[in-house]
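Remarks on the structure that follows.
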Amino acid sequence: MTTATRQTADERREAVLEAAGREFAKHGFHGASTDAIARSAGISQPYLFRLFGSKKELYIASVRRCFRRTLEAMQAAAEGLRGDQALQAIGDAYARLLAEDPSMLQAQLQAWAAALDDEDVRAAARDAFGDIYAYTERVSGATPQTLARFHATGMLLNVMAAIGLLGEEIEPWGERLVEGCRTGHEWAA
């Protein structure tokens with residue numbers, strides 16, 4: 001006879017956020033099913049709402065978790081580094097994170113889209129991006145112009161990843177754009 005290990009409330013909450021992250025990344029805020037999230041997390045839908053209150057609160061928690069994971073990956077990569085070295089490590093960590101878990105890019109793109117028409121989602125996404133910006137500013141000591149170029153390149157890389165320009169076989173114009181991103185690391189200009 002096997003016995004089930006009971007999860008703590010924090011473990012259940014984390015399991016729900018993991019399931020929600022996948023569902024929201026794939027279907028967006030409006031298209032995601034709370035029933036599918038609950039089933040994936042191994043809980044009932046009523047219990048999901050006891051944990052998070054509403055689908056919107058769950059979505060906002062999922063957005064915050066996605067960006068927190070992004071920031072934590074950046075912090076781990078840049079630990080002990082400063083200046084251009086820190087920015088390079090942060091950029092590399094972000095690229096690895098997206099390569100290892102493409103749902104992170106999907107989740108971020110969904111968050112930007114949902115932020116357009118929902119004030120609460122907009123505030124959560126803005127705060128989370130602000131935390132990432134503040135961190136890169138603090139560890140790099142870079143100018144606002146340098147940081148704008150750094151983050152703009154990151155956003156361009158998001159688009160490039162979404163349209164398949166970071167794959168093996170791409171059109172010549174795509175190769176030139178990728179090369180421009182690789183050689184354009186003049187963060188401390």
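We name chains A, B, ... following the order of the structure tokens; residues begin at 1 in each chain, and ligands are numbered from 1 as shown.
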Cut-off 9 Å: closest stretch 90-126 of chain A/stretch 25-45 of chain A atom pairs per residue, using only C-alpha atoms, as a tab-separated table:
residue	atom	partner	partner_atom	distance
A:Ser103	CA	A:Ala25	CA	5.9
A:Met104	CA	A:Ala25	CA	7.4
A:Leu105	CA	A:Ala25	CA	8.0
A:Gln106	CA	A:Ala25	CA	4.9
A:Ala107	CA	A:Ala25	CA	4.0
A:Gln108	CA	A:Ala25	CA	7.7
A:Leu109	CA	A:Ala25	CA	8.1
A:Gln110	CA	A:Gly28	CA	5.5
A:Ala111	CA	A:Gly28	CA	7.8
A:Ala113	CA	A:Gly28	CA	8.5
A:Ala114	CA	A:Phe29	CA	6.7
Tell me which protein, DNA and RNA residues are within 9 Å of A:Ala78, counting only C-alpha atoms, leaving out same-chain ones fewer than 3 positions away, and put them as a list in words.
->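 Near neighbours after the sequence-gap exclusion: Ala73, Met74, Gln75, Leu81, Arg82, Gln85, Ala86, Leu87, Gln88, Ala89, Ile90, Ala93 and Val139 of chain A.
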If you keep N, CA and C atoms, can you produce a file of those selected residues as a PDB file, in the first residue's frame?
ATOM      1  N   ALA A  73      17.343  34.242 -12.588  1.00  0.00           N
ATOM      2  CA  ALA A  73      18.339  33.680 -13.504  1.00  0.00           C
ATOM      3  C   ALA A  73      19.416  34.717 -13.817  1.00  0.00           C
ATOM      4  N   MET A  74      18.989  35.950 -14.000  1.00  0.00           N
ATOM      5  CA  MET A  74      19.937  37.024 -14.283  1.00  0.00           C
ATOM      6  C   MET A  74      20.840  37.289 -13.082  1.00  0.00           C
ATOM      7  N   GLN A  75      20.257  37.319 -11.894  1.00  0.00           N
ATOM      8  CA  GLN A  75      21.029  37.565 -10.680  1.00  0.00           C
ATOM      9  C   GLN A  75      22.065  36.469 -10.448  1.00  0.00           C
ATOM     10  N   LEU A  81      29.755  40.066 -10.581  1.00  0.00           N
ATOM     11  CA  LEU A  81      30.211  40.803 -11.765  1.00  0.00           C
ATOM     12  C   LEU A  81      29.675  42.229 -11.746  1.00  0.00           C
ATOM     13  N   ARG A  82      30.357  43.095 -12.464  1.00  0.00           N
ATOM     14  CA  ARG A  82      29.917  44.481 -12.595  1.00  0.00           C
ATOM     15  C   ARG A  82      30.159  44.945 -14.021  1.00  0.00           C
ATOM     16  N   GLN A  85      30.650  43.201 -18.050  1.00  0.00           N
ATOM     17  CA  GLN A  85      30.666  41.758 -17.763  1.00  0.00           C
ATOM     18  C   GLN A  85      29.328  41.319 -17.180  1.00  0.00           C
ATOM     19  N   ALA A  86      28.760  42.120 -16.299  1.00  0.00           N
ATOM     20  CA  ALA A  86      27.463  41.787 -15.710  1.00  0.00           C
ATOM     21  C   ALA A  86      26.382  41.780 -16.781  1.00  0.00           C
ATOM     22  N   LEU A  87      26.378  42.791 -17.641  1.00  0.00           N
ATOM     23  CA  LEU A  87      25.369  42.841 -18.700  1.00  0.00           C
ATOM     24  C   LEU A  87      25.497  41.649 -19.649  1.00  0.00           C
ATOM     25  N   GLN A  88      26.725  41.291 -19.992  1.00  0.00           N
ATOM     26  CA  GLN A  88      26.929  40.140 -20.876  1.00  0.00           C
ATOM     27  C   GLN A  88      26.401  38.864 -20.215  1.00  0.00           C
ATOM     28  N   ALA A  89      26.693  38.679 -18.933  1.00  0.00           N
ATOM     29  CA  ALA A  89      26.228  37.492 -18.212  1.00  0.00           C
ATOM     30  C   ALA A  89      24.707  37.479 -18.107  1.00  0.00           C
ATOM     31  N   ILE A  90      24.108  38.638 -17.889  1.00  0.00           N
ATOM     32  CA  ILE A  90      22.649  38.746 -17.811  1.00  0.00           C
ATOM     33  C   ILE A  90      22.020  38.392 -19.155  1.00  0.00           C
ATOM     34  N   ALA A  93      22.335  34.677 -19.758  1.00  0.00           N
ATOM     35  CA  ALA A  93      21.416  33.931 -18.894  1.00  0.00           C
ATOM     36  C   ALA A  93      19.991  33.996 -19.434  1.00  0.00           C
ATOM     37  N   VAL A 139      23.784  46.703 -11.135  1.00  0.00           N
ATOM     38  CA  VAL A 139      25.005  45.901 -11.275  1.00  0.00           C
ATOM     39  C   VAL A 139      25.907  46.381 -12.400  1.00  0.00           C
TER      40      VAL A 139
END
Of the candidates A:Glu72, A:Asp120, A:Asp10, A:Asp92, which shows the shortest atom-to-atom distance to A:Glu57, using only C-alpha atoms?
->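 Distance minimum relative to A:Glu57 lands on A:Asp120.
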Contacts of stretch 153-155 of chain A at 12 Å or less, counting only C-alpha atoms, minus same-chain residues fewer than 4 places along, as a PyMOL selection string?
-> chain A and resi 87-88+90-95+98+105+108-109+112+129+132-133+146-149+159-162+177-178+180-187
Find, counting only C-alpha atoms, the residue in A:Glu14, A:Val121, A:Asp101, A:Leu71 that gets nearest to A:Tyr59.
-> A:Val121
Could you work out how far atom CA of A:Arg64 lies from atom CA of A:Tyr47, giving the answer in Å with one decimal?
->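 Going from atom CA of A:Tyr47 over to atom CA of A:Arg64, I get 20.8 Å.
Reported to one decimal place, the separation of atom CA of A:Arg68 from atom CA of A:Leu51 is 19.6 Å.
We find atom CA of A:Glu137 and atom CA of A:Gly83 to be spaced 9.2 Å apart.
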Identify all residues of stretch 73-183 of chain A in helix (DSSP H, G or I) (DSSP on the backbone) and supply them as a PyMOL selection string.
-> chain A and resi 73-78+83-100+102-115+119-140+144-162+172-183
Which one of A:Ala134, A:Ala15, A:Ile60, A:Cys66 sits closest to A:Leu48 if you count only C-alpha atoms?
->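 Ranked by minimum distance to A:Leu48, first place goes to A:Ala15.
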Within 12 Å of A:Glu179, counting only C-alpha atoms, which residues qualify if same-chain residues fewer than 6 places away don't, as JSON, numbers by chain?
-> {"A": [157, 165, 166, 172, 173, 185]}
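Comparing the minimum interatomic distances between A:Glu79 and each of A:Gly167, A:Thr143, A:Tyr135, A:Arg176, counting only C-alpha atoms, we find that A:Tyr135 sits nearest.
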